[in-house]
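K.L.:
Provided herewith is a single structure, encoded as structure tokens, for subsequent inquiry.
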Amino acid sequence: MKQLSIILFVMLLSLTGCSGQNNSKVVASKQSPKAFTVPEVPSILTTAEQRVEFIVTHYWDNFDFADITLISRTDYTEPAFADFVNLLPNVPAELSARGIDTMMNGAKADSTMYAHFMNLSEKYLYDPNSPFRNEVIYIVVLQNIVANPQLDAIYKVRPQYQLDMALKNRVGYKATDLTYTTTRGGKAKLYGTKVDKVLLFCFCHDCETCKRAKKYIAERDFDTMV
């Protein structure tokens, strides 16, 4: 299924690229800015993996990061960004990270453009209401921001905080230790709880679904409840 999605995406980009080239001739005659196009994949790359790797690596080759007028182009920069981040979950993490760094390093051509890509990244990859939300990919963006020597320290405060939070409690990593109040009113730490299994239940007091879940848990015989 994953390979099929990659193949379909490559086909879509190939068609878009051809269409973009044809349209650019028409727009050029009207002296209007041309549409964003993805570089054409060399015919020597035949497998889906090779083609999608080329697209991720060279996706931004035709984008002029020094042209800040593209920021106001609602039909240009943001749609291109959305298509790019939509592709990344379908490729290996290393390739995804390389593509993100290529994009963010390219945006360093102008501080205003870099700030724009910072905002787009937060909007698409970090906003809880975004269908593209992906903290794993956003971590790479934040690491690029925090390590950017061209960026003043004041503009790194929020990204650094987001990075610290995003690095906590990731799937496959050890959970952050915490202190909690026991059912007897005492204090204990997560890693100091000596039982076979611990159910960690985080909820909102005003959430009706959370209240039902809490009631369900309370009716079961758990050794430890937080």
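Letters A, B, ... go to the chains of the structure tokens in the order shown; residues in each chain start at 1; ligands are counted from 1 in the same order.
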Write out as a list in words which residues come within 7 Å of range 60-65 of chain A when counting only C-alpha atoms, dropping same-chain ones fewer than 4 positions away.
P.N.:
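That gives Thr37, Val38, Pro39, Met103, Gly106, Ala107, Ala109, Asp110 and Met113 of chain A.
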K.L.:
Quick one: everything within 12 Å of range 67-70 of chain A, counting only C-alpha atoms, minus sequence neighbours fewer than 4 positions away in the same chain. Send it as a list in words.
P.N.:
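Those residues are Pro33, Lys34, Ala35, Phe36, Asn62, Phe63, Thr74, Asp75, Tyr76, Thr77, Glu78, Pro79, Ala80, Gly106, Ala107, Lys108, Ala109, Asp110, Ser111, Thr112, Met113, Tyr114, Ala115, His116 and Phe117 of chain A.
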K.L.:
Restrict the selected residues to N, CA and C atoms and save them as a JSON list (two decimals), in the first residue's frame.
P.N.:
```json
[["chain", "number", "residue", "atom", "x", "y", "z"],
["A", 33, "PRO", "N", 3.73, 35.79, -13.49],
["A", 33, "PRO", "CA", 4.61, 34.82, -12.84],
["A", 33, "PRO", "C", 4.19, 33.41, -13.20],
["A", 34, "LYS", "N", 5.15, 32.55, -13.48],
["A", 34, "LYS", "CA", 4.81, 31.17, -13.85],
["A", 34, "LYS", "C", 4.45, 30.35, -12.63],
["A", 35, "ALA", "N", 3.81, 29.20, -12.85],
["A", 35, "ALA", "CA", 3.39, 28.33, -11.76],
["A", 35, "ALA", "C", 4.58, 27.54, -11.22],
["A", 36, "PHE", "N", 4.43, 27.08, -9.98],
["A", 36, "PHE", "CA", 5.48, 26.27, -9.37],
["A", 36, "PHE", "C", 5.53, 24.91, -10.06],
["A", 62, "ASN", "N", 13.41, 24.53, -8.34],
["A", 62, "ASN", "CA", 12.86, 25.60, -9.17],
["A", 62, "ASN", "C", 12.28, 26.76, -8.37],
["A", 63, "PHE", "N", 12.42, 26.70, -7.06],
["A", 63, "PHE", "CA", 11.84, 27.74, -6.20],
["A", 63, "PHE", "C", 12.90, 28.79, -5.89],
["A", 74, "THR", "N", -0.67, 33.12, -2.93],
["A", 74, "THR", "CA", -1.42, 32.06, -2.28],
["A", 74, "THR", "C", -1.57, 30.82, -3.16],
["A", 75, "ASP", "N", -1.34, 31.01, -4.47],
["A", 75, "ASP", "CA", -1.45, 29.89, -5.39],
["A", 75, "ASP", "C", -0.09, 29.25, -5.67],
["A", 76, "TYR", "N", 0.94, 29.69, -4.96],
["A", 76, "TYR", "CA", 2.29, 29.26, -5.30],
["A", 76, "TYR", "C", 3.01, 28.60, -4.12],
["A", 77, "THR", "N", 3.47, 29.38, -3.17],
["A", 77, "THR", "CA", 4.32, 28.87, -2.11],
["A", 77, "THR", "C", 3.61, 27.90, -1.17],
["A", 78, "GLU", "N", 2.47, 28.30, -0.63],
["A", 78, "GLU", "CA", 1.79, 27.44, 0.35],
["A", 78, "GLU", "C", 1.31, 26.12, -0.24],
["A", 79, "PRO", "N", 0.68, 26.12, -1.44],
["A", 79, "PRO", "CA", 0.30, 24.84, -2.03],
["A", 79, "PRO", "C", 1.51, 23.93, -2.29],
["A", 80, "ALA", "N", 2.61, 24.53, -2.71],
["A", 80, "ALA", "CA", 3.83, 23.75, -2.96],
["A", 80, "ALA", "C", 4.33, 23.13, -1.65],
["A", 106, "GLY", "N", 17.50, 26.36, 2.10],
["A", 106, "GLY", "CA", 17.26, 27.21, 0.94],
["A", 106, "GLY", "C", 16.57, 28.49, 1.34],
["A", 107, "ALA", "N", 15.66, 28.39, 2.32],
["A", 107, "ALA", "CA", 14.91, 29.57, 2.78],
["A", 107, "ALA", "C", 15.80, 30.57, 3.51],
["A", 108, "LYS", "N", 17.00, 30.15, 3.89],
["A", 108, "LYS", "CA", 17.93, 31.06, 4.55],
["A", 108, "LYS", "C", 18.43, 32.16, 3.61],
["A", 109, "ALA", "N", 18.08, 32.05, 2.32],
["A", 109, "ALA", "CA", 18.48, 33.08, 1.35],
["A", 109, "ALA", "C", 17.93, 34.43, 1.73],
["A", 110, "ASP", "N", 16.83, 34.44, 2.48],
["A", 110, "ASP", "CA", 16.24, 35.72, 2.93],
["A", 110, "ASP", "C", 15.55, 35.49, 4.27],
["A", 111, "SER", "N", 15.79, 36.35, 5.22],
["A", 111, "SER", "CA", 15.23, 36.17, 6.56],
["A", 111, "SER", "C", 13.71, 36.18, 6.57],
["A", 112, "THR", "N", 13.10, 36.98, 5.69],
["A", 112, "THR", "CA", 11.64, 37.04, 5.62],
["A", 112, "THR", "C", 11.10, 35.72, 5.07],
["A", 113, "MET", "N", 11.78, 35.16, 4.08],
["A", 113, "MET", "CA", 11.36, 33.89, 3.52],
["A", 113, "MET", "C", 11.53, 32.77, 4.54],
["A", 114, "TYR", "N", 12.61, 32.83, 5.29],
["A", 114, "TYR", "CA", 12.85, 31.80, 6.32],
["A", 114, "TYR", "C", 11.74, 31.86, 7.38],
["A", 115, "ALA", "N", 11.38, 33.05, 7.77],
["A", 115, "ALA", "CA", 10.30, 33.21, 8.76],
["A", 115, "ALA", "C", 8.98, 32.68, 8.21],
["A", 116, "HIS", "N", 8.77, 32.89, 6.90],
["A", 116, "HIS", "CA", 7.54, 32.39, 6.27],
["A", 116, "HIS", "C", 7.48, 30.87, 6.32],
["A", 117, "PHE", "N", 8.60, 30.22, 6.05],
["A", 117, "PHE", "CA", 8.62, 28.76, 6.08],
["A", 117, "PHE", "C", 8.54, 28.23, 7.51]]
```
K.L.:
As a list in words, list the residues of range 132-191 of chain A assigned to helix (DSSP H, G or I) by DSSP on the backbone atoms of this structure.
P.N.:
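Secondary structure check on range 132-191 of chain A, helix (DSSP H, G or I): Glu135, Val136, Ile137, Tyr138, Ile139, Val140, Val141, Leu142, Gln143, Asn144, Ile145, Val146, Ala153, Ile154, Tyr155, Lys156, Val157, Arg158, Pro159, Gln160, Tyr161, Gln162, Leu163, Asp164, Met165, Ala166, Leu190 and Tyr191 of chain A.
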K.L.:
Suppose we keep N, CA, C and O atoms; can you now write the selection as a tab-separated table (two decimals), in the first residue's frame?
P.N.:
```tsv
chain	number	residue	atom	x	y	z
A	135	GLU	N	4.57	15.53	14.23
A	135	GLU	CA	5.62	16.02	15.11
A	135	GLU	C	6.99	15.46	14.74
A	135	GLU	O	8.01	16.11	14.95
A	136	VAL	N	7.02	14.25	14.20
A	136	VAL	CA	8.30	13.64	13.82
A	136	VAL	C	9.00	14.50	12.75
A	136	VAL	O	10.20	14.76	12.82
A	137	ILE	N	8.22	14.94	11.77
A	137	ILE	CA	8.78	15.80	10.71
A	137	ILE	C	9.05	17.20	11.25
A	137	ILE	O	10.06	17.83	10.91
A	138	TYR	N	8.15	17.69	12.11
A	138	TYR	CA	8.30	19.04	12.65
A	138	TYR	C	9.56	19.14	13.52
A	138	TYR	O	10.18	20.21	13.59
A	139	ILE	N	9.96	18.05	14.16
A	139	ILE	CA	11.17	18.05	14.97
A	139	ILE	C	12.38	18.43	14.12
A	139	ILE	O	13.25	19.19	14.55
A	140	VAL	N	12.43	17.92	12.88
A	140	VAL	CA	13.54	18.23	11.98
A	140	VAL	C	13.55	19.73	11.65
A	140	VAL	O	14.61	20.36	11.59
A	141	VAL	N	12.36	20.29	11.44
A	141	VAL	CA	12.26	21.73	11.17
A	141	VAL	C	12.77	22.52	12.37
A	141	VAL	O	13.56	23.46	12.23
A	142	LEU	N	12.32	22.14	13.57
A	142	LEU	CA	12.72	22.85	14.78
A	142	LEU	C	14.22	22.75	15.03
A	142	LEU	O	14.85	23.72	15.45
A	143	GLN	N	14.80	21.61	14.74
A	143	GLN	CA	16.24	21.44	14.91
A	143	GLN	C	17.00	22.36	13.96
A	143	GLN	O	18.04	22.92	14.32
A	144	ASN	N	16.47	22.53	12.75
A	144	ASN	CA	17.09	23.43	11.79
A	144	ASN	C	17.00	24.87	12.27
A	144	ASN	O	17.97	25.63	12.16
A	145	ILE	N	15.85	25.24	12.83
A	145	ILE	CA	15.64	26.61	13.32
A	145	ILE	C	16.59	26.91	14.48
A	145	ILE	O	17.26	27.95	14.51
A	146	VAL	N	16.62	26.00	15.45
A	146	VAL	CA	17.44	26.21	16.65
A	146	VAL	C	18.93	26.28	16.30
A	146	VAL	O	19.70	27.01	16.95
A	153	ALA	N	18.60	34.95	18.81
A	153	ALA	CA	18.20	34.05	19.91
A	153	ALA	C	16.75	34.24	20.32
A	153	ALA	O	16.08	33.28	20.70
A	154	ILE	N	16.24	35.47	20.26
A	154	ILE	CA	14.87	35.74	20.69
A	154	ILE	C	13.86	34.97	19.85
A	154	ILE	O	12.80	34.58	20.33
A	155	TYR	N	14.20	34.73	18.58
A	155	TYR	CA	13.28	34.01	17.68
A	155	TYR	C	13.41	32.49	17.82
A	155	TYR	O	12.67	31.75	17.17
A	156	LYS	N	14.33	32.06	18.67
A	156	LYS	CA	14.52	30.63	18.88
A	156	LYS	C	13.86	30.13	20.17
A	156	LYS	O	13.80	28.92	20.40
A	157	VAL	N	13.36	31.05	20.99
A	157	VAL	CA	12.79	30.68	22.28
A	157	VAL	C	11.59	29.76	22.10
A	157	VAL	O	11.52	28.67	22.70
A	158	ARG	N	10.63	30.18	21.28
A	158	ARG	CA	9.43	29.36	21.06
A	158	ARG	C	9.78	28.04	20.37
A	158	ARG	O	9.33	26.98	20.83
A	159	PRO	N	10.56	28.05	19.28
A	159	PRO	CA	10.94	26.78	18.64
A	159	PRO	C	11.68	25.84	19.58
A	159	PRO	O	11.47	24.62	19.53
A	160	GLN	N	12.54	26.39	20.45
A	160	GLN	CA	13.28	25.55	21.39
A	160	GLN	C	12.32	24.88	22.37
A	160	GLN	O	12.48	23.69	22.69
A	161	TYR	N	11.34	25.64	22.85
A	161	TYR	CA	10.34	25.06	23.76
A	161	TYR	C	9.54	23.97	23.05
A	161	TYR	O	9.31	22.88	23.61
A	162	GLN	N	9.12	24.25	21.82
A	162	GLN	CA	8.37	23.25	21.06
A	162	GLN	C	9.20	22.00	20.82
A	162	GLN	O	8.68	20.87	20.89
A	163	LEU	N	10.49	22.19	20.56
A	163	LEU	CA	11.38	21.06	20.33
A	163	LEU	C	11.52	20.22	21.60
A	163	LEU	O	11.45	18.97	21.54
A	164	ASP	N	11.70	20.88	22.73
A	164	ASP	CA	11.82	20.16	24.01
A	164	ASP	C	10.57	19.33	24.28
A	164	ASP	O	10.66	18.18	24.74
A	165	MET	N	9.41	19.90	23.99
A	165	MET	CA	8.15	19.19	24.23
A	165	MET	C	7.95	18.05	23.23
A	165	MET	O	7.49	16.96	23.59
A	166	ALA	N	8.30	18.29	21.96
A	166	ALA	CA	8.11	17.28	20.92
A	166	ALA	C	9.00	16.07	21.12
A	166	ALA	O	8.66	14.95	20.71
A	190	LEU	N	6.56	7.95	38.51
A	190	LEU	CA	6.20	6.94	37.53
A	190	LEU	C	7.16	5.75	37.56
A	190	LEU	O	6.75	4.60	37.63
A	191	TYR	N	8.48	6.05	37.53
A	191	TYR	CA	9.45	4.97	37.48
A	191	TYR	C	9.71	4.34	38.85
A	191	TYR	O	10.43	3.35	38.95
```
K.L.:
Taking only C-alpha atoms into account, name the residue in A:Val91, A:Gly185, A:Gln150, A:Phe84 that is nearest to Arg51 in chain A.
P.N.:
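Smallest distance to Arg51 in chain A is found for A:Val91.
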K.L.:
Work out how far apart CA of Lys187 in chain A and CA of Cys204 in chain A are and give it in Å to one decimal.
P.N.:
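CA of Lys187 in chain A sits 20.7 Å away from CA of Cys204 in chain A.
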K.L.:
Compile the contact shell of Lys214 in chain A as a ChimeraX atom specification: residues with an atom at most 9 Å away, counting only C-alpha atoms, same-chain residues fewer than 5 positions apart removed.
P.N.:
/A:201,203,209,219
K.L.:
Would you mind reading off the distance between CA of Tyr124 in chain A and CA of Leu200 in chain A, one decimal, in Å?
P.N.:
28.8 Å
K.L.:
Give the answer as one residue: which of A:Asn86, A:Asn105, A:Asn119, A:Ser43 has the shortest atom-to-atom distance to Asn148 in chain A, using only C-alpha atoms?
P.N.:
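Smallest separation from Asn148 in chain A among the options: A:Asn105.
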K.L.:
If DSSP is run on the backbone, what residues of chain A are strand (DSSP E)? A reply as a list of chain:residue names would be ideal.
P.N.:
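Output for chain A, strand (DSSP E) only: A:Thr179, A:Tyr180, A:Thr181, A:Lys187, A:Ala188, A:Lys189.
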K.L.:
Could you turn the residues from that selection into a file that holds N, CA and C atoms, as a PDB file, in the first residue's frame?
P.N.:
```
ATOM      1  N   THR A 179       5.785  12.963  38.614  1.00  0.00           N
ATOM      2  CA  THR A 179       5.311  12.772  39.988  1.00  0.00           C
ATOM      3  C   THR A 179       3.794  12.844  39.992  1.00  0.00           C
ATOM      4  N   TYR A 180       3.145  11.943  40.718  1.00  0.00           N
ATOM      5  CA  TYR A 180       1.683  11.949  40.751  1.00  0.00           C
ATOM      6  C   TYR A 180       1.180  11.724  42.175  1.00  0.00           C
ATOM      7  N   THR A 181      -0.107  12.028  42.369  1.00  0.00           N
ATOM      8  CA  THR A 181      -0.762  11.827  43.663  1.00  0.00           C
ATOM      9  C   THR A 181      -1.462  10.477  43.652  1.00  0.00           C
ATOM     10  N   LYS A 187       2.512  10.974  47.416  1.00  0.00           N
ATOM     11  CA  LYS A 187       3.206  11.313  46.179  1.00  0.00           C
ATOM     12  C   LYS A 187       4.078  10.140  45.742  1.00  0.00           C
ATOM     13  N   ALA A 188       4.137   9.923  44.447  1.00  0.00           N
ATOM     14  CA  ALA A 188       4.976   8.845  43.907  1.00  0.00           C
ATOM     15  C   ALA A 188       5.453   9.238  42.518  1.00  0.00           C
ATOM     16  N   LYS A 189       6.495   8.558  42.045  1.00  0.00           N
ATOM     17  CA  LYS A 189       7.025   8.816  40.703  1.00  0.00           C
ATOM     18  C   LYS A 189       6.689   7.643  39.794  1.00  0.00           C
TER      19      LYS A 189
END
```
K.L.:
How far is it from CA of Asn90 in chain A to CA of Ser130 in chain A, in Å with one decimal?
P.N.:
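Rounded to one decimal, the two atoms are 17.6 Å apart.
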